[in-house]
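Asks: I'm passing along model_18.tsv; it holds TSV, C-alpha atoms.
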```
chain	number	residue	atom	x	y	z
H	1	MET	CA	41.08	12.26	8.14
H	2	ALA	CA	40.41	9.80	5.31
H	3	SER	CA	43.34	7.99	3.79
H	4	LEU	CA	44.82	9.10	0.46
H	5	ILE	CA	43.62	5.94	-1.27
H	6	THR	CA	40.05	6.48	-0.05
H	7	LEU	CA	40.03	10.11	-1.17
H	8	ARG	CA	41.40	9.25	-4.61
H	9	ARG	CA	38.71	6.59	-5.03
H	10	GLN	CA	35.98	9.03	-4.01
H	11	ILE	CA	37.23	11.64	-6.47
H	12	ALA	CA	37.38	9.08	-9.27
H	13	SER	CA	33.85	7.90	-8.49
H	14	ILE	CA	32.45	11.44	-8.47
H	15	LYS	CA	34.18	12.24	-11.77
H	16	SER	CA	32.58	9.17	-13.32
H	17	THR	CA	29.16	10.27	-12.07
H	18	ARG	CA	29.79	13.80	-13.36
H	19	GLN	CA	30.41	12.45	-16.85
H	20	ILE	CA	27.04	10.68	-16.77
H	21	THR	CA	25.08	13.69	-15.52
H	22	LYS	CA	26.84	15.98	-18.00
H	23	ALA	CA	25.91	13.67	-20.86
H	24	MET	CA	22.30	13.51	-19.64
H	25	GLN	CA	22.21	17.29	-19.43
H	26	LEU	CA	23.33	17.66	-23.04
H	27	VAL	CA	20.85	15.05	-24.25
H	28	SER	CA	17.98	16.72	-22.38
H	29	ALA	CA	18.96	20.14	-23.76
H	30	SER	CA	18.91	18.75	-27.29
H	31	LYS	CA	15.53	17.05	-26.79
H	32	LEU	CA	14.12	20.15	-25.11
H	33	ARG	CA	14.65	22.31	-28.20
H	34	ARG	CA	12.65	19.94	-30.36
H	35	ALA	CA	9.95	19.28	-27.77
H	36	GLN	CA	9.52	23.00	-27.12
H	37	GLU	CA	9.08	23.62	-30.83
H	38	TYR	CA	6.46	20.86	-31.12
H	39	ALA	CA	4.50	22.14	-28.11
H	40	SER	CA	4.49	25.80	-29.14
H	41	ARG	CA	3.57	25.02	-32.74
H	42	SER	CA	0.19	23.52	-31.84
H	43	ARG	CA	-0.62	25.55	-28.72
H	44	ASP	CA	-2.88	28.04	-30.52
H	45	TYR	CA	-4.85	25.21	-32.09
H	46	GLN	CA	-5.32	23.58	-28.71
H	47	ASP	CA	-6.55	26.83	-27.16
H	48	LEU	CA	-9.07	27.33	-29.96
H	49	ALA	CA	-10.19	23.71	-29.71
H	50	TYR	CA	-10.80	24.02	-25.97
H	51	ASP	CA	-12.69	27.29	-26.47
H	52	LEU	CA	-14.87	25.70	-29.14
H	53	LEU	CA	-15.54	22.67	-26.96
H	54	THR	CA	-16.67	24.80	-24.02
H	55	ARG	CA	-18.84	26.97	-26.25
H	56	LEU	CA	-20.52	23.94	-27.76
H	57	SER	CA	-21.23	22.59	-24.29
H	58	ALA	CA	-23.23	25.74	-23.49
H	59	MET	CA	-25.68	25.20	-26.36
H	60	ASN	CA	-29.11	23.93	-25.44
H	61	GLU	CA	-29.29	21.64	-28.49
H	62	ILE	CA	-26.54	19.35	-27.24
H	63	ALA	CA	-27.58	19.02	-23.63
H	64	ASP	CA	-28.64	15.42	-24.24
H	65	GLN	CA	-25.54	14.39	-26.19
H	66	PRO	CA	-23.70	11.59	-24.35
H	67	LEU	CA	-20.33	13.36	-24.19
H	68	PHE	CA	-21.88	16.58	-22.86
H	69	GLU	CA	-24.40	15.09	-20.48
H	70	ARG	CA	-23.92	16.46	-16.98
H	71	ARG	CA	-24.78	14.11	-14.17
H	72	GLU	CA	-24.08	13.64	-10.50
H	73	VAL	CA	-20.43	12.68	-10.05
H	74	LYS	CA	-20.18	9.23	-8.50
H	75	ASP	CA	-17.16	8.02	-10.46
H	76	ARG	CA	-14.27	10.25	-11.54
H	77	LEU	CA	-11.48	9.35	-13.92
H	78	TYR	CA	-8.03	10.96	-13.79
H	79	ILE	CA	-5.66	10.89	-16.77
H	80	VAL	CA	-2.16	11.51	-15.35
H	81	VAL	CA	0.97	12.19	-17.40
H	82	THR	CA	4.25	11.22	-15.71
H	83	SER	CA	7.62	9.88	-16.86
H	84	ASN	CA	9.11	6.42	-17.07
H	85	THR	CA	12.36	7.45	-15.39
H	86	GLY	CA	13.48	9.68	-12.55
H	87	LEU	CA	16.17	12.35	-12.25
H	88	ALA	CA	13.72	14.96	-13.54
H	89	GLY	CA	13.51	17.22	-10.51
H	90	ALA	CA	9.98	17.78	-9.25
H	91	TYR	CA	8.34	16.84	-12.56
H	92	ASN	CA	6.60	13.72	-11.28
H	93	ALA	CA	6.13	14.97	-7.72
H	94	ASN	CA	4.19	18.09	-8.80
H	95	VAL	CA	1.75	16.11	-10.93
H	96	LEU	CA	1.27	13.37	-8.35
H	97	LYS	CA	0.64	15.99	-5.68
H	98	LEU	CA	-2.34	17.29	-7.67
H	99	LEU	CA	-3.56	13.74	-8.16
H	100	HIS	CA	-3.29	13.04	-4.42
H	101	GLN	CA	-5.28	16.19	-3.63
H	102	GLY	CA	-8.01	15.10	-6.05
H	103	LEU	CA	-8.13	11.60	-4.59
H	104	ASP	CA	-8.46	13.05	-1.08
H	105	ARG	CA	-11.41	15.20	-2.18
H	106	ASP	CA	-13.06	12.22	-3.82
H	107	ARG	CA	-12.64	10.17	-0.65
H	108	GLN	CA	-14.29	12.91	1.39
H	109	ASP	CA	-17.13	13.29	-1.14
H	110	LYS	CA	-17.67	9.50	-1.40
H	111	VAL	CA	-16.67	9.53	-5.08
H	112	THR	CA	-15.04	6.44	-6.59
H	113	SER	CA	-11.69	7.32	-8.16
H	114	HIS	CA	-10.28	5.73	-11.30
H	115	VAL	CA	-6.85	6.51	-12.73
H	116	ILE	CA	-5.18	6.03	-16.10
H	117	THR	CA	-1.47	6.76	-15.99
H	118	ILE	CA	0.89	7.63	-18.81
H	119	GLY	CA	4.36	6.71	-17.61
H	120	SER	CA	5.42	4.13	-15.04
H	121	LYS	CA	6.09	6.62	-12.22
H	122	GLY	CA	2.40	7.43	-11.95
H	123	ALA	CA	1.48	3.74	-11.92
H	124	GLN	CA	3.94	3.05	-9.10
H	125	PHE	CA	2.37	5.84	-7.07
H	126	VAL	CA	-1.25	4.79	-7.61
H	127	ARG	CA	-0.56	1.13	-6.79
H	128	ARG	CA	0.39	2.17	-3.26
H	129	ILE	CA	-2.95	3.90	-2.62
H	130	ALA	CA	-5.79	1.77	-1.31
H	131	GLY	CA	-9.27	2.16	-2.75
H	132	VAL	CA	-8.19	3.62	-6.09
H	133	ASP	CA	-8.85	1.78	-9.34
H	134	LEU	CA	-5.79	1.80	-11.61
H	135	MET	CA	-7.71	1.34	-14.83
H	136	ALA	CA	-4.81	1.29	-17.31
H	137	VAL	CA	-1.11	2.09	-17.65
H	138	TYR	CA	0.36	3.47	-20.86
H	139	PRO	CA	4.09	3.90	-21.49
H	140	ALA	CA	5.35	7.44	-21.93
H	141	PHE	CA	4.73	8.62	-25.48
H	142	ALA	CA	7.39	9.96	-27.81
H	143	ASP	CA	8.17	13.68	-27.94
H	144	GLN	CA	6.01	13.99	-31.07
H	145	PRO	CA	3.35	11.27	-30.75
H	146	LEU	CA	1.11	10.33	-33.62
H	147	VAL	CA	-2.65	10.20	-33.34
H	148	ASP	CA	-2.54	6.45	-33.88
H	149	ASP	CA	-0.22	6.12	-30.89
H	150	MET	CA	-2.85	7.71	-28.65
H	151	ARG	CA	-5.87	6.05	-30.23
H	152	PRO	CA	-6.24	3.34	-27.51
H	153	LEU	CA	-6.10	6.01	-24.80
H	154	LEU	CA	-8.56	8.27	-26.61
H	155	ASN	CA	-10.99	5.42	-27.26
H	156	THR	CA	-10.90	4.51	-23.57
H	157	ILE	CA	-11.67	8.09	-22.53
H	158	ILE	CA	-14.63	8.41	-24.89
H	159	GLU	CA	-15.95	4.94	-24.04
H	160	GLN	CA	-15.80	5.46	-20.28
H	161	TYR	CA	-17.82	8.66	-20.42
H	162	ASP	CA	-20.16	7.65	-23.24
H	163	GLN	CA	-21.15	4.42	-21.46
H	164	LYS	CA	-21.59	6.29	-18.15
H	165	LYS	CA	-18.88	4.29	-16.42
H	166	VAL	CA	-17.47	7.59	-15.15
H	167	ASP	CA	-19.19	10.95	-14.64
H	168	ASP	CA	-16.20	13.27	-14.81
H	169	ILE	CA	-12.78	13.11	-16.47
H	170	GLN	CA	-9.83	15.19	-15.27
H	171	PHE	CA	-6.56	15.54	-17.17
H	172	ILE	CA	-3.42	16.20	-15.09
H	173	TYR	CA	-0.27	17.21	-16.93
H	174	THR	CA	2.59	19.73	-16.79
H	175	LEU	CA	2.22	22.97	-18.73
H	176	PHE	CA	5.45	24.21	-20.29
H	177	LYS	CA	5.94	27.96	-19.83
H	178	SER	CA	9.70	28.26	-20.30
H	179	SER	CA	12.86	26.30	-19.68
H	180	VAL	CA	12.77	27.42	-16.03
H	181	THR	CA	9.00	27.49	-15.43
H	182	GLN	CA	6.71	24.47	-15.68
H	183	ILE	CA	3.32	24.29	-13.99
H	184	ALA	CA	1.42	21.16	-13.01
H	185	THR	CA	-2.12	21.66	-14.32
H	186	VAL	CA	-5.54	20.05	-13.98
H	187	LYS	CA	-7.98	20.38	-16.88
H	188	GLN	CA	-11.49	19.02	-17.10
H	189	LEU	CA	-11.92	17.01	-20.29
H	190	LEU	CA	-15.50	15.77	-20.03
H	191	PRO	CA	-18.00	17.15	-19.63
H	192	ALA	CA	-16.57	20.38	-21.02
H	193	PRO	CA	-16.87	23.27	-18.56
H	194	ILE	CA	-19.62	25.77	-19.36
H	195	ILE	CA	-18.53	29.32	-20.07
H	196	GLU	CA	-20.53	32.47	-20.47
H	197	VAL	CA	-21.12	32.87	-24.20
H	198	ASP	CA	-21.69	36.27	-25.75
H	199	LYS	CA	-25.01	36.29	-27.55
H	200	ASN	CA	-23.32	37.98	-30.48
H	201	SER	CA	-20.55	35.37	-30.74
H	202	SER	CA	-20.14	33.34	-33.90
H	203	ILE	CA	-21.02	30.03	-32.21
H	204	ALA	CA	-24.28	31.37	-30.84
H	205	VAL	CA	-25.57	32.50	-34.24
H	206	SER	CA	-24.08	29.78	-36.45
H	207	ASN	CA	-26.10	27.29	-38.47
H	208	PHE	CA	-24.94	23.68	-38.49
H	209	GLU	CA	-25.19	21.37	-41.46
H	210	PRO	CA	-26.68	18.81	-41.59
H	211	ASP	CA	-27.67	19.39	-37.93
H	212	VAL	CA	-26.19	20.22	-34.55
H	213	GLU	CA	-26.25	16.64	-33.26
H	214	THR	CA	-24.34	15.24	-36.22
H	215	VAL	CA	-21.72	17.99	-36.10
H	216	VAL	CA	-21.20	17.54	-32.35
H	217	VAL	CA	-20.74	13.78	-32.66
H	218	GLU	CA	-18.13	14.25	-35.37
H	219	ILE	CA	-16.07	17.01	-33.81
H	220	THR	CA	-16.20	16.29	-30.07
H	221	THR	CA	-13.79	13.37	-30.31
H	222	ARG	CA	-11.36	15.49	-32.31
H	223	LEU	CA	-11.54	18.34	-29.81
H	224	VAL	CA	-10.93	16.04	-26.83
H	225	GLU	CA	-8.11	14.45	-28.80
H	226	ALA	CA	-6.54	17.89	-29.27
H	227	GLN	CA	-6.55	18.49	-25.51
H	228	VAL	CA	-4.86	15.19	-24.73
H	229	TRP	CA	-2.36	15.47	-27.56
H	230	GLN	CA	-1.31	19.00	-26.58
H	231	GLY	CA	-1.07	18.05	-22.91
H	232	ILE	CA	1.32	15.22	-23.78
H	233	LEU	CA	3.45	17.59	-25.88
H	234	GLU	CA	3.56	20.12	-23.04
H	235	SER	CA	4.49	17.40	-20.55
H	236	ALA	CA	7.30	16.11	-22.79
H	237	ALA	CA	8.84	19.58	-23.07
H	238	SER	CA	8.47	20.11	-19.32
H	239	GLU	CA	10.10	16.77	-18.52
H	240	HIS	CA	13.15	17.54	-20.67
H	241	ALA	CA	13.47	21.03	-19.18
H	242	MET	CA	13.29	19.79	-15.60
H	243	ARG	CA	15.66	16.90	-16.31
H	244	MET	CA	18.13	19.31	-17.92
H	245	ILE	CA	18.05	21.52	-14.83
H	246	ALA	CA	18.28	18.55	-12.45
H	247	THR	CA	21.28	17.04	-14.23
H	248	LYS	CA	22.96	20.45	-14.45
H	249	ASN	CA	22.56	20.85	-10.69
H	250	ALA	CA	23.94	17.35	-10.19
H	251	THR	CA	26.95	18.19	-12.39
H	252	ASP	CA	27.57	21.42	-10.47
H	253	ASN	CA	27.33	19.58	-7.16
H	254	ALA	CA	29.81	16.99	-8.45
H	255	ASN	CA	32.24	19.76	-9.34
H	256	ASP	CA	31.90	21.21	-5.84
H	257	LEU	CA	32.49	17.81	-4.26
H	258	ILE	CA	35.55	17.21	-6.43
H	259	ASP	CA	36.98	20.55	-5.35
H	260	ASP	CA	36.31	19.77	-1.68
H	261	TYR	CA	37.80	16.29	-1.85
H	262	THR	CA	40.79	17.55	-3.86
H	263	LEU	CA	41.48	20.13	-1.17
H	264	GLU	CA	41.17	17.45	1.51
H	265	LEU	CA	43.46	15.16	-0.53
H	266	ASN	CA	46.10	17.86	-0.86
H	267	THR	CA	45.86	18.62	2.85
H	268	ALA	CA	46.21	14.94	3.75
H	269	ARG	CA	49.13	14.51	1.34
H	270	GLN	CA	50.87	17.60	2.75
H	271	ALA	CA	50.35	16.28	6.28
H	272	GLU	CA	51.83	12.94	5.25
H	273	ILE	CA	54.85	14.63	3.67
H	274	THR	CA	55.35	16.81	6.76
H	275	GLN	CA	55.21	13.73	8.97
H	276	GLU	CA	57.76	11.92	6.79
H	277	LEU	CA	60.11	14.93	6.88
H	278	ALA	CA	59.74	15.08	10.66
H	279	GLU	CA	60.57	11.38	10.94
H	280	ILE	CA	63.62	11.80	8.68
H	281	SER	CA	64.82	14.80	10.68
H	282	GLY	CA	64.31	12.91	13.90
H	283	GLY	CA	66.25	9.95	12.52
H	284	VAL	CA	69.11	12.13	11.36
H	285	GLU	CA	69.24	13.83	14.73
H	286	ALA	CA	69.27	10.49	16.52
H	287	LEU	CA	72.17	9.23	14.41
H	288	SER	CA	74.21	12.37	14.95
H	289	THR	CA	74.04	12.12	18.78
```
What is this structure when it is put down as structure tokens?
Replies:
Amino acid sequence: MASLITLRRQIASIKSTRQITKAMQLVSASKLRRAQEYASRSRDYQDLAYDLLTRLSAMNEIADQPLFERREVKDRLYIVVTSNTGLAGAYNANVLKLLHQGLDRDRQDKVTSHVITIGSKGAQFVRRIAGVDLMAVYPAFADQPLVDDMRPLLNTIIEQYDQKKVDDIQFIYTLFKSSVTQIATVKQLLPAPIIEVDKNSSIAVSNFEPDVETVVVEITTRLVEAQVWQGILESAASEHAMRMIATKNATDNANDLIDDYTLELNTARQAEITQELAEISGGVEALST
């Protein structure tokens, strides 16, 4: 049985850790409310933007446009959103698992893999994998990033595909469903996936001014930007939710450990008192004989 001093030190240490995890839980809960509001506010716009992008990609007039050109995939670029810090449950692990699966498929298909990470955790993971080009590392963006904050990333995405340095761009992020449900997701950015378009749909019968090519050049960047921006918002909300749950679990575990060690401390103290009483009784008995 551990000594009383050791048990008291362990209890004090756990209480100190509990204060930290409790504070982190409260901070994450506060950030989650704001991040959830930001993500849900623009979700409809993102869905419409993605639908418009896929519908445009199905039009014959833009088949030769650089950002919609479909070619044999020899080089694939992954945009991966992770965090800068840990203690966020499976947030980073779920995203990196999808990335690892994609890299394995590329290796089997003889496709060269390139990765751009947002957040240092993704960069640490990619650096340990041989044969993968870590093209760039961006720090984690704020909960409500501005377009100017993402401009270097967006310019890199457009440039890589426009100049045919990569043939396919995949975006891996975490979709926020609720405070208890977050789903690691892979979305194809470029070229946009082709969907079956109803002949009577508005896109199919629309006229473009001044012409289709000019309109596509102007709006494609904005539509891709919407996908990346929304994905970062969803990931920020997911990170805060998973960190809130992880720190809550850590706080609960600390409470359980404190209870266990307190019980052990009381047992050890009672045993020590009983031993002292026995020694006193034995001494008294020895003196009386």
Asks: One decimal, Å: what's the distance from atom CA of H:Val132 over to atom CA of H:Ser113, could you say?
Replies: 5.5 Å
Asks: Excluding H:Ala236 and any residue of its chain fewer than 6 positions from it, enumerate the residues within 8 Å of it, using all atoms listed in the file, and give them as a ChimeraX atom specification.
Replies: /H:35,142-143
Asks: Starting from 4 Å padding per side, set up an axis-aligned box that covers all listed atoms of stretch 161-169 of chain H and hand over centre and edge lengths in Å, one decimal, as lines of an AutoDock Vina configuration file.
Replies:
```
center_x = -17.2
center_y = 8.8
center_z = -18.9
size_x = 16.8
size_y = 17.0
size_z = 16.6
```
Asks: Rounded to one decimal place, report the atom CA of H:Ile158-atom CA of H:Thr221 distance in Å.
Replies: 7.4 Å
Asks: Between H:Gln144, H:Gln10, H:Gln25, H:Gln230, which one has atoms that come closest to H:Tyr261, using all atoms listed in the file?
Replies: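 Between H:Gln144, H:Gln10, H:Gln25, H:Gln230, the residue approaching H:Tyr261 most closely is H:Gln10.
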Asks: Point out the residue among H:Lys248, H:Phe176, H:Gln65, H:Asp104 with the least atom-to-atom distance to H:Glu218, counting only C-alpha atoms.
Replies: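 Smallest separation from H:Glu218 among the options: H:Gln65.
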Asks: For atom CA of H:Phe171 and atom CA of H:Leu87, quote the distance in Å rounded to one decimal.
Replies: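 According to the coordinates, atom CA of H:Phe171 and atom CA of H:Leu87 are separated by 23.5 Å.
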Asks: Could you tell me which of H:Ala286, H:Ala246, H:Leu146, H:Leu7 comes closest to H:Ile258 if we count all atoms listed in the file?
Replies: H:Leu7
Asks: Residues at most 7 Å from stretch 91-96 of chain H, counting only C-alpha atoms, excluding those fewer than 5 positions away in the same chain, as a list in words?
Replies: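 Counting only the stated atoms, we get Thr82, Ser83, Ile172, Tyr173, Thr174, Ala184, Glu239 and Met242 of chain H.
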Asks: Please provide as a ChimeraX atom specification all residues within 12 Å of stretch 266-279 of chain H, with the sequence filter that same-chain residues fewer than 6 positions apart are discarded (counting only C-alpha atoms).
Replies: /H:1-8,258-260,285-286
Asks: Could you give me, as a ChimeraX atom specification, the residues within 7 Å of stretch 36-49 of chain H, counting all atoms listed in the file and dropping anything in the same chain fewer than 4 positions from it?
Replies: /H:32,53,144,223,226-227,230,233-234,237
Asks: Within 12 Å of H:Thr17, counting only C-alpha atoms, which residues qualify if same-chain residues fewer than 5 places away don't, as JSON, numbers by chain?
Replies: {"H": [10, 11, 12, 22, 23, 24, 247, 250, 251, 252, 253, 254, 255, 257, 258]}
Asks: Can you work out which one of H:Ala140, H:Ala88, H:Ile116, H:Ile79 has the shortest atom-to-atom distance to H:Asn249, counting all atoms listed in the file?
Replies: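 The answer is H:Ala88, which sits nearest to H:Asn249.
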Asks: Within 9 Å of (-7.6, 19.2, -14.0), in the coordinates the file gives, what residues turn up when you count all atoms listed in the file, written out as a PyMOL selection string?
Replies: chain H and resi 78-79+98-99+102+169-173+185-189
Asks: Go through H:Arg128, H:Lys177, H:Arg76, H:Arg222 one by one, measure the shortest atom-to-atom distance of each to H:Ser235 using only C-alpha atoms, and give the residue with the smallest value.
Replies: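 Looking at the shortest contact to H:Ser235, the residue is H:Lys177.
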Asks: In file coordinates, which residues lie within 10 Å of (-16.6, 8.3, -20.1) using all atoms listed in the file, given as a list in words?
Replies: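 The residues near that point, listed by chain and number, are Pro66, Leu67, Asp75, Arg76, Leu77, Asn155, Thr156, Ile157, Ile158, Glu159, Gln160, Tyr161, Asp162, Gln163, Lys164, Lys165, Val166, Asp167, Asp168, Ile169, Leu189, Leu190 and Pro191 of chain H.
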Asks: Which residue is closest to H:Asp106? Choose from H:Gly131, H:Ile245, H:Val80, H:Gly283 and count all atoms listed in the file.
Replies: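 Checking each of H:Gly131, H:Ile245, H:Val80, H:Gly283 against H:Asp106, counting all atoms listed in the file, the winner is H:Gly131.
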